file protein.cif (mmCIF, C-alpha atoms and all ligand atoms)
data_upload
#
loop_
_atom_site.label_atom_id
_atom_site.label_comp_id
_atom_site.auth_asym_id
_atom_site.auth_seq_id
_atom_site.Cartn_x
_atom_site.Cartn_y
_atom_site.Cartn_z
CA MET A 1 -32.81 -10.63 -12.63
CA SER A 2 -30.65 -13.06 -14.60
CA GLU A 3 -26.96 -13.11 -15.34
CA VAL A 4 -27.91 -12.71 -18.99
CA GLN A 5 -29.42 -9.34 -18.11
CA TRP A 6 -26.40 -8.32 -16.00
CA ASN A 7 -24.19 -9.00 -19.02
CA GLU A 8 -26.52 -7.14 -21.37
CA VAL A 9 -26.54 -4.07 -19.14
CA GLU A 10 -22.76 -4.22 -18.70
CA SER A 11 -22.33 -4.35 -22.49
CA TYR A 12 -24.73 -1.43 -22.84
CA ILE A 13 -22.82 0.66 -20.30
CA ALA A 14 -19.49 -0.33 -21.84
CA GLY A 15 -20.75 0.50 -25.32
CA ARG A 16 -21.97 3.95 -24.30
CA ILE A 17 -19.45 5.40 -21.84
CA ILE A 18 -16.46 3.20 -20.99
CA GLY A 19 -14.32 3.89 -24.04
CA GLU A 20 -12.27 0.71 -24.11
CA ASP A 21 -9.62 0.80 -26.86
CA ALA A 22 -7.26 -1.63 -28.62
CA ALA A 23 -4.67 -1.67 -25.82
CA LEU A 24 -7.30 -2.64 -23.23
CA SER A 25 -9.23 -5.17 -25.32
CA GLY A 26 -5.91 -6.53 -26.62
CA ALA A 27 -4.77 -7.04 -23.03
CA LEU A 28 -7.85 -9.18 -22.34
CA ASP A 29 -7.28 -11.09 -25.59
CA ALA A 30 -3.69 -11.78 -24.52
CA VAL A 31 -4.87 -13.02 -21.10
CA GLU A 32 -7.25 -15.42 -22.81
CA ALA A 33 -4.69 -16.53 -25.42
CA ALA A 34 -2.20 -17.31 -22.64
CA GLY A 35 -4.77 -19.52 -20.91
CA MET A 36 -4.83 -17.25 -17.85
CA PRO A 37 -8.05 -17.03 -15.80
CA ALA A 38 -10.76 -14.58 -16.91
CA ILE A 39 -10.67 -12.67 -13.64
CA SER A 40 -9.51 -9.23 -14.78
CA VAL A 41 -11.80 -6.49 -13.46
CA ALA A 42 -14.82 -5.83 -15.70
CA PRO A 43 -14.49 -2.81 -18.04
CA PRO A 44 -16.81 -0.54 -16.00
CA GLU A 45 -14.79 -1.41 -12.89
CA GLY A 46 -11.52 -0.67 -14.64
CA LYS A 47 -12.92 2.70 -15.66
CA LEU A 48 -14.01 3.30 -12.05
CA LEU A 49 -10.44 2.65 -10.84
CA HIS A 50 -9.18 5.03 -13.51
CA LEU A 51 -11.62 7.83 -12.65
CA LEU A 52 -10.99 7.53 -8.91
CA ALA A 53 -7.23 7.75 -9.48
CA ARG A 54 -7.75 10.89 -11.58
CA MET A 55 -10.12 12.42 -9.02
CA LEU A 56 -7.44 11.88 -6.37
CA GLY A 57 -4.76 13.33 -8.61
CA ALA A 58 -2.83 10.15 -7.87
CA ARG A 59 0.91 10.27 -8.65
CA ARG A 60 1.92 7.01 -6.96
CA ILE A 61 -0.18 3.86 -7.22
CA LEU A 62 0.42 0.39 -5.77
CA GLU A 63 -1.36 -2.67 -7.15
CA ILE A 64 -1.26 -6.10 -5.50
CA GLY A 65 -2.19 -8.75 -8.11
CA THR A 66 -1.38 -7.89 -11.74
CA LEU A 67 -2.57 -10.90 -13.78
CA GLY A 68 -2.33 -9.60 -17.39
CA GLY A 69 -2.22 -5.93 -16.46
CA TYR A 70 -5.77 -5.00 -17.49
CA SER A 71 -6.55 -3.09 -14.28
CA THR A 72 -2.93 -1.91 -14.33
CA ILE A 73 -3.46 -0.17 -17.68
CA TRP A 74 -6.63 1.55 -16.48
CA LEU A 75 -4.81 2.79 -13.38
CA GLY A 76 -1.58 3.64 -15.22
CA ARG A 77 -3.48 5.84 -17.66
CA ALA A 78 -4.64 8.01 -14.77
CA LEU A 79 -1.06 8.94 -13.90
CA PRO A 80 0.76 12.08 -14.98
CA GLU A 81 3.91 11.60 -17.08
CA ASP A 82 6.14 11.55 -14.01
CA GLY A 83 3.77 9.29 -12.06
CA ARG A 84 4.60 5.78 -10.98
CA LEU A 85 2.70 2.52 -10.58
CA ILE A 86 4.20 -0.58 -8.98
CA SER A 87 2.24 -3.80 -9.48
CA LEU A 88 3.09 -7.01 -7.62
CA GLU A 89 2.56 -10.44 -9.21
CA TYR A 90 3.50 -13.91 -8.01
CA GLU A 91 3.33 -15.79 -11.34
CA PRO A 92 6.27 -14.99 -13.67
CA ARG A 93 4.14 -16.00 -16.68
CA HIS A 94 1.40 -13.54 -15.71
CA ALA A 95 3.97 -10.79 -15.23
CA GLU A 96 5.43 -11.47 -18.67
CA VAL A 97 2.02 -11.15 -20.36
CA ALA A 98 1.30 -8.05 -18.31
CA ARG A 99 4.57 -6.36 -19.27
CA ALA A 100 3.84 -6.91 -22.96
CA ASN A 101 0.33 -5.48 -22.52
CA ILE A 102 1.67 -2.49 -20.59
CA GLU A 103 4.28 -1.89 -23.30
CA ARG A 104 1.58 -1.95 -26.01
CA ALA A 105 -0.39 0.57 -23.96
CA GLY A 106 2.64 2.89 -23.95
CA LEU A 107 2.94 2.84 -20.16
CA SER A 108 6.30 1.12 -19.64
CA ASP A 109 7.90 4.41 -18.59
CA ARG A 110 5.71 4.71 -15.50
CA VAL A 111 4.53 1.17 -14.71
CA GLU A 112 6.70 -1.54 -13.15
CA VAL A 113 5.64 -5.15 -12.56
CA ARG A 114 7.58 -6.88 -9.78
CA VAL A 115 7.55 -10.66 -9.48
CA GLY A 116 7.24 -12.47 -6.17
CA LEU A 117 4.94 -13.08 -3.26
CA ALA A 118 3.40 -9.73 -2.39
CA LEU A 119 4.20 -10.16 1.29
CA ASP A 120 7.88 -10.66 0.39
CA LEU A 121 7.95 -7.70 -1.99
CA LEU A 122 6.07 -5.15 0.14
CA PRO A 123 9.00 -4.43 2.51
CA LEU A 124 11.15 -3.57 -0.54
CA VAL A 125 8.41 -1.46 -2.06
CA GLU A 126 8.41 0.51 1.16
CA ALA A 127 12.12 1.16 0.81
CA ASP A 128 12.08 2.57 -2.73
CA ALA A 129 8.63 3.92 -3.46
CA GLY A 130 9.92 7.47 -3.10
CA GLY A 131 7.01 8.57 -0.95
CA PRO A 132 3.58 7.39 0.12
CA PHE A 133 1.14 5.85 -2.33
CA ASP A 134 -2.01 7.84 -3.13
CA LEU A 135 -3.96 4.75 -4.11
CA VAL A 136 -3.60 1.02 -3.42
CA PHE A 137 -5.59 -1.59 -5.35
CA ILE A 138 -5.68 -4.98 -3.58
CA ASP A 139 -6.59 -7.83 -5.94
CA ALA A 140 -4.41 -10.88 -5.20
CA ASP A 141 -4.95 -13.84 -2.85
CA LYS A 142 -7.94 -13.09 -0.66
CA ALA A 143 -6.61 -14.90 2.43
CA SER A 144 -3.93 -12.21 2.81
CA ILE A 145 -6.24 -9.19 2.47
CA PRO A 146 -5.92 -8.23 6.17
CA GLU A 147 -2.11 -8.20 5.85
CA TYR A 148 -2.34 -6.20 2.63
CA ILE A 149 -4.50 -3.63 4.44
CA ARG A 150 -1.91 -3.38 7.23
CA TRP A 151 0.86 -2.84 4.67
CA SER A 152 -1.27 -0.34 2.78
CA LYS A 153 -1.61 1.74 5.93
CA LEU A 154 2.18 1.86 6.27
CA LEU A 155 2.64 2.80 2.61
CA THR A 156 -0.01 5.52 2.29
CA ARG A 157 -0.76 8.94 3.77
CA ARG A 158 -3.81 10.69 5.19
CA GLY A 159 -6.31 11.02 2.32
CA SER A 160 -5.07 7.99 0.37
CA LEU A 161 -7.56 5.49 -1.00
CA ILE A 162 -7.37 1.71 -0.64
CA ILE A 163 -9.61 -0.36 -2.92
CA VAL A 164 -10.18 -4.08 -2.39
CA ASP A 165 -11.67 -6.32 -5.10
CA ASN A 166 -13.91 -9.38 -4.58
CA VAL A 167 -15.25 -8.66 -1.11
CA VAL A 168 -18.68 -10.26 -1.68
CA ARG A 169 -17.86 -13.50 -3.54
CA GLY A 170 -21.36 -14.47 -4.62
CA GLY A 171 -22.69 -13.55 -1.18
CA ARG A 172 -20.49 -16.11 0.58
CA VAL A 173 -18.90 -13.32 2.62
CA THR A 174 -21.75 -13.57 5.14
CA ASP A 175 -20.98 -17.25 5.88
CA SER A 176 -19.40 -17.12 9.32
CA ASN A 177 -18.90 -20.91 9.27
CA SER A 178 -16.89 -20.89 6.05
CA GLU A 179 -13.45 -22.47 6.18
CA ASP A 180 -12.56 -21.18 2.71
CA PRO A 181 -9.41 -19.09 3.32
CA SER A 182 -10.69 -16.46 0.86
CA ILE A 183 -13.88 -15.98 2.82
CA VAL A 184 -12.08 -16.11 6.17
CA GLY A 185 -9.60 -13.48 4.90
CA THR A 186 -12.29 -11.22 3.52
CA ARG A 187 -14.32 -11.42 6.72
CA ALA A 188 -11.20 -10.64 8.74
CA MET A 189 -10.80 -7.54 6.58
CA PHE A 190 -14.31 -6.38 7.51
CA ASP A 191 -13.51 -6.97 11.20
CA LEU A 192 -10.29 -5.02 10.86
CA LEU A 193 -12.05 -2.14 9.10
CA ALA A 194 -14.79 -2.08 11.72
CA ALA A 195 -12.23 -1.78 14.50
CA ASP A 196 -9.71 0.64 12.98
CA PRO A 197 -10.34 4.31 13.82
CA ASP A 198 -7.77 5.36 11.17
CA LEU A 199 -9.76 3.88 8.30
CA ASP A 200 -13.21 4.88 7.04
CA SER A 201 -14.80 2.57 4.52
CA THR A 202 -17.71 1.26 2.54
CA ALA A 203 -18.32 -1.72 0.29
CA ILE A 204 -20.65 -1.99 -2.66
CA GLN A 205 -22.12 -5.09 -4.29
CA THR A 206 -21.62 -5.51 -8.03
CA VAL A 207 -23.18 -7.66 -10.75
CA GLY A 208 -22.10 -8.19 -14.35
CA SER A 209 -19.67 -10.29 -16.34
CA LYS A 210 -17.82 -11.17 -13.12
CA GLY A 211 -21.00 -12.54 -11.55
CA TYR A 212 -22.11 -11.28 -8.14
CA ASP A 213 -19.27 -9.72 -6.17
CA GLY A 214 -18.23 -6.39 -4.68
CA MET A 215 -15.51 -3.86 -3.95
CA ALA A 216 -14.49 -2.08 -0.77
CA PHE A 217 -13.35 1.55 -0.70
CA ILE A 218 -11.26 2.66 2.25
CA LEU A 219 -10.17 6.18 3.10
CA VAL A 220 -7.02 6.59 5.19
CA LYS A 221 -7.97 9.21 7.76
N1 LIG A 301 -5.83 -6.95 -11.02
C1 LIG A 301 -5.94 -7.85 -12.17
C2 LIG A 301 -6.46 -9.20 -11.76
C3 LIG A 301 -5.61 -9.88 -10.71
S1 LIG A 301 -6.02 -11.60 -10.53
C4 LIG A 301 -6.94 -7.22 -13.15
O1 LIG A 301 -8.03 -6.85 -12.71
O2 LIG A 301 -6.63 -7.12 -14.35
C5 LIG A 301 -5.04 -12.00 -9.15
C6 LIG A 301 -3.54 -12.11 -9.43
O3 LIG A 301 -2.87 -12.14 -8.17
C7 LIG A 301 -3.13 -13.37 -10.17
O4 LIG A 301 -2.36 -13.06 -11.30
C8 LIG A 301 -2.29 -14.15 -9.15
O5 LIG A 301 -1.21 -14.85 -9.73
C9 LIG A 301 -1.78 -13.03 -8.26
N2 LIG A 301 -1.44 -13.47 -6.91
C10 LIG A 301 -2.06 -14.40 -6.15
N3 LIG A 301 -1.45 -14.51 -4.96
C11 LIG A 301 -0.43 -13.63 -4.95
C12 LIG A 301 0.57 -13.26 -4.00
N4 LIG A 301 0.62 -13.84 -2.79
N5 LIG A 301 1.44 -12.29 -4.33
C13 LIG A 301 1.38 -11.69 -5.53
N6 LIG A 301 0.47 -12.00 -6.47
C14 LIG A 301 -0.42 -12.95 -6.19
C1 LIG A 302 -10.92 -14.64 -8.45
C2 LIG A 302 -9.99 -13.65 -8.20
C3 LIG A 302 -10.27 -12.34 -8.53
O1 LIG A 302 -9.40 -11.33 -8.29
C4 LIG A 302 -11.47 -12.01 -9.13
O2 LIG A 302 -11.69 -10.70 -9.45
C5 LIG A 302 -12.40 -12.98 -9.39
C6 LIG A 302 -12.13 -14.32 -9.05
C7 LIG A 302 -10.64 -16.04 -8.07
O3 LIG A 302 -9.51 -16.30 -7.63
O4 LIG A 302 -11.51 -16.89 -8.25
MG MG A 303 -10.31 -9.43 -8.51
#
call {"tool": "encode", "arguments": {"input": "protein.cif", "output": "structure tokens", "more": "lines below"}}
Ligand code: SAH
Ligand code: DHB
Ligand code: MG
result
Amino acid sequence: MSEVQWNEVESYIAGRIIGEDAALSGALDAVEAAGMPAISVAPPEGKLLHLLARMLGARRILEIGTLGGYSTIWLGRALPEDGRLISLEYEPRHAEVARANIERAGLSDRVEVRVGLALDLLPLVEADAGGPFDLVFIDADKASIPEYIRWSKLLTRRGSLIIVDNVVRGGRVTDSNSEDPSIVGTRAMFDLLAADPDLDSTAIQTVGSKGYDGMAFILVK
């Protein structure tokens, strides 16, 4: 199996059933034009986030790590008109591109991008979210994943879903000797999940345009 084949199959799936439109592809174009990294979720993953949010009937969504708002648009489109999505982004330039993309997608009425370090913003999010989040998507710095999981527990309710991106990292997640803070953080997340009776979880491996990686899915019990 080659990466060429992963990409071919991803394009095939995207071409048949994903239904990406101008707002979504334009968001990726804007990310590229701004010289931002090509690390938005892949289209089939964005659609997965969208479908899961709809299946949950999510009305309140929290995202940690906005970049250009590609995943944000997929998630925002799952919300009802009076739904709300708060997305946290450290880089003002990323947030600016994201806001323009979200505006073009017609989602500015329900999606808000807040600028700052997520760990600084989360206490404020808690204060004015107006109720627990139904879904949290964690996709920022990987070293802080365990802290993001702890915050997510405080900000959700029984039955909420927490999704974590990039939990496989080309298979490097199994390297117990790694000193890479991303790997250390991701492994600490697995330890935390293994030990927490209030969380039930799985993780799946993914291949495609983002290489070999994975996502974790966590149910708040
Ligand atoms: N979810 C996006 C991709 C996010 S990439 C998508 O799929 O479309 C990760 C983003 O997290 C980057 O924009 C980076 O600037 C941001 N980030 C990194 N560390 C952060 C932190 N501590 N707080 C908030 N955002 C952070
Ligand atoms: C990186 C970050 C991501 O969120 C991702 O999906 C892929 C790569 C990174 O920082 O390298
Ligand atoms: Mg990611």
call {"tool": "residues_near_point", "arguments": {"input": "protein.cif", "point": "(2.3, -2.8, -27.0)", "cutoff": "12 Å", "atoms": "all atoms listed in the file", "output": "VMD selection string"}}
result
chain A and resid 22 to 27 30 69 73 97 to 108
call {"tool": "write_last_selection", "arguments": {"input": "protein.cif", "atoms": "C-alpha atoms", "output": "PDB file, keeping the file's coordinate frame"}}
result
ATOM      1  CA  ALA A  22      -7.260  -1.630 -28.620  1.00  0.00           C
ATOM      2  CA  ALA A  23      -4.670  -1.670 -25.820  1.00  0.00           C
ATOM      3  CA  LEU A  24      -7.300  -2.640 -23.230  1.00  0.00           C
ATOM      4  CA  SER A  25      -9.230  -5.170 -25.320  1.00  0.00           C
ATOM      5  CA  GLY A  26      -5.910  -6.530 -26.620  1.00  0.00           C
ATOM      6  CA  ALA A  27      -4.770  -7.040 -23.030  1.00  0.00           C
ATOM      7  CA  ALA A  30      -3.690 -11.780 -24.520  1.00  0.00           C
ATOM      8  CA  GLY A  69      -2.220  -5.930 -16.460  1.00  0.00           C
ATOM      9  CA  ILE A  73      -3.460  -0.170 -17.680  1.00  0.00           C
ATOM     10  CA  VAL A  97       2.020 -11.150 -20.360  1.00  0.00           C
ATOM     11  CA  ALA A  98       1.300  -8.050 -18.310  1.00  0.00           C
ATOM     12  CA  ARG A  99       4.570  -6.360 -19.270  1.00  0.00           C
ATOM     13  CA  ALA A 100       3.840  -6.910 -22.960  1.00  0.00           C
ATOM     14  CA  ASN A 101       0.330  -5.480 -22.520  1.00  0.00           C
ATOM     15  CA  ILE A 102       1.670  -2.490 -20.590  1.00  0.00           C
ATOM     16  CA  GLU A 103       4.280  -1.890 -23.300  1.00  0.00           C
ATOM     17  CA  ARG A 104       1.580  -1.950 -26.010  1.00  0.00           C
ATOM     18  CA  ALA A 105      -0.390   0.570 -23.960  1.00  0.00           C
ATOM     19  CA  GLY A 106       2.640   2.890 -23.950  1.00  0.00           C
ATOM     20  CA  LEU A 107       2.940   2.840 -20.160  1.00  0.00           C
ATOM     21  CA  SER A 108       6.300   1.120 -19.640  1.00  0.00           C
TER      22      SER A 108
END
call {"tool": "residues_near_ligand", "arguments": {"input": "protein.cif", "ligand": "ligand MG 303 (chain A)", "cutoff": "8 Å", "atoms": "only C-alpha atoms and all ligand atoms", "output": "ChimeraX atom specification"}}
result
/A:39-41,139-140,165-166
call {"tool": "residues_around", "arguments": {"input": "protein.cif", "residues": "Ser209 (chain A)", "least_positions_apart": "5", "cutoff": "10 Å", "atoms": "all atoms listed in the file", "output": "list in words"}}
result
Glu3, Val4, Gln5, Trp6, Asn7, Glu8, Val9, Glu10, Ser11, Ala38, Ile39, Val41, Ala42 and Pro43 of chain A
call {"tool": "residues_near_point", "arguments": {"input": "protein.cif", "point": "(2.3, -15.2, -14.8)", "cutoff": "12 Å", "atoms": "only C-alpha atoms", "output": "number ranges by chain"}}
result
A: 30-31, 34-37, 65-69, 88-100, 113-116
call {"tool": "write_last_selection", "arguments": {"input": "protein.cif", "atoms": "C-alpha atoms", "output": "compact mmCIF listing (two decimals), keeping the file's coordinate frame"}}
result
# COMPACT_ATOMS: atom_id res chain seq x y z
CA ALA A 30 -3.69 -11.78 -24.52
CA VAL A 31 -4.87 -13.02 -21.10
CA ALA A 34 -2.20 -17.31 -22.64
CA GLY A 35 -4.77 -19.52 -20.91
CA MET A 36 -4.83 -17.25 -17.85
CA PRO A 37 -8.05 -17.03 -15.80
CA GLY A 65 -2.19 -8.75 -8.11
CA THR A 66 -1.38 -7.89 -11.74
CA LEU A 67 -2.57 -10.90 -13.78
CA GLY A 68 -2.33 -9.60 -17.39
CA GLY A 69 -2.22 -5.93 -16.46
CA LEU A 88 3.09 -7.01 -7.62
CA GLU A 89 2.56 -10.44 -9.21
CA TYR A 90 3.50 -13.91 -8.01
CA GLU A 91 3.33 -15.79 -11.34
CA PRO A 92 6.27 -14.99 -13.67
CA ARG A 93 4.14 -16.00 -16.68
CA HIS A 94 1.40 -13.54 -15.71
CA ALA A 95 3.97 -10.79 -15.23
CA GLU A 96 5.43 -11.47 -18.67
CA VAL A 97 2.02 -11.15 -20.36
CA ALA A 98 1.30 -8.05 -18.31
CA ARG A 99 4.57 -6.36 -19.27
CA ALA A 100 3.84 -6.91 -22.96
CA VAL A 113 5.64 -5.15 -12.56
CA ARG A 114 7.58 -6.88 -9.78
CA VAL A 115 7.55 -10.66 -9.48
CA GLY A 116 7.24 -12.47 -6.17
call {"tool": "closest_residue", "arguments": {"input": "protein.cif", "among": "A:Ala216, A:Val164, A:Val207, A:Leu135", "to": "ligand LIG 301 (chain A)", "atoms": "only C-alpha atoms and all ligand atoms"}}
result
A:Val164
call {"tool": "atom_distance", "arguments": {"input": "protein.cif", "atom1": "CA of Ser71 (chain A)", "atom2": "CA of Ser152 (chain A)"}}
result
18.1 Å
call {"tool": "atom_distance", "arguments": {"input": "protein.cif", "atom1": "CA of Ile149 (chain A)", "atom2": "CA of Glu81 (chain A)"}}
result
27.7 Å
call {"tool": "closest_residue", "arguments": {"input": "protein.cif", "among": "A:Leu124, A:Leu75, A:Ile13, A:Ala118", "to": "ligand LIG 301 (chain A)", "atoms": "only C-alpha atoms and all ligand atoms"}}
result
A:Ala118
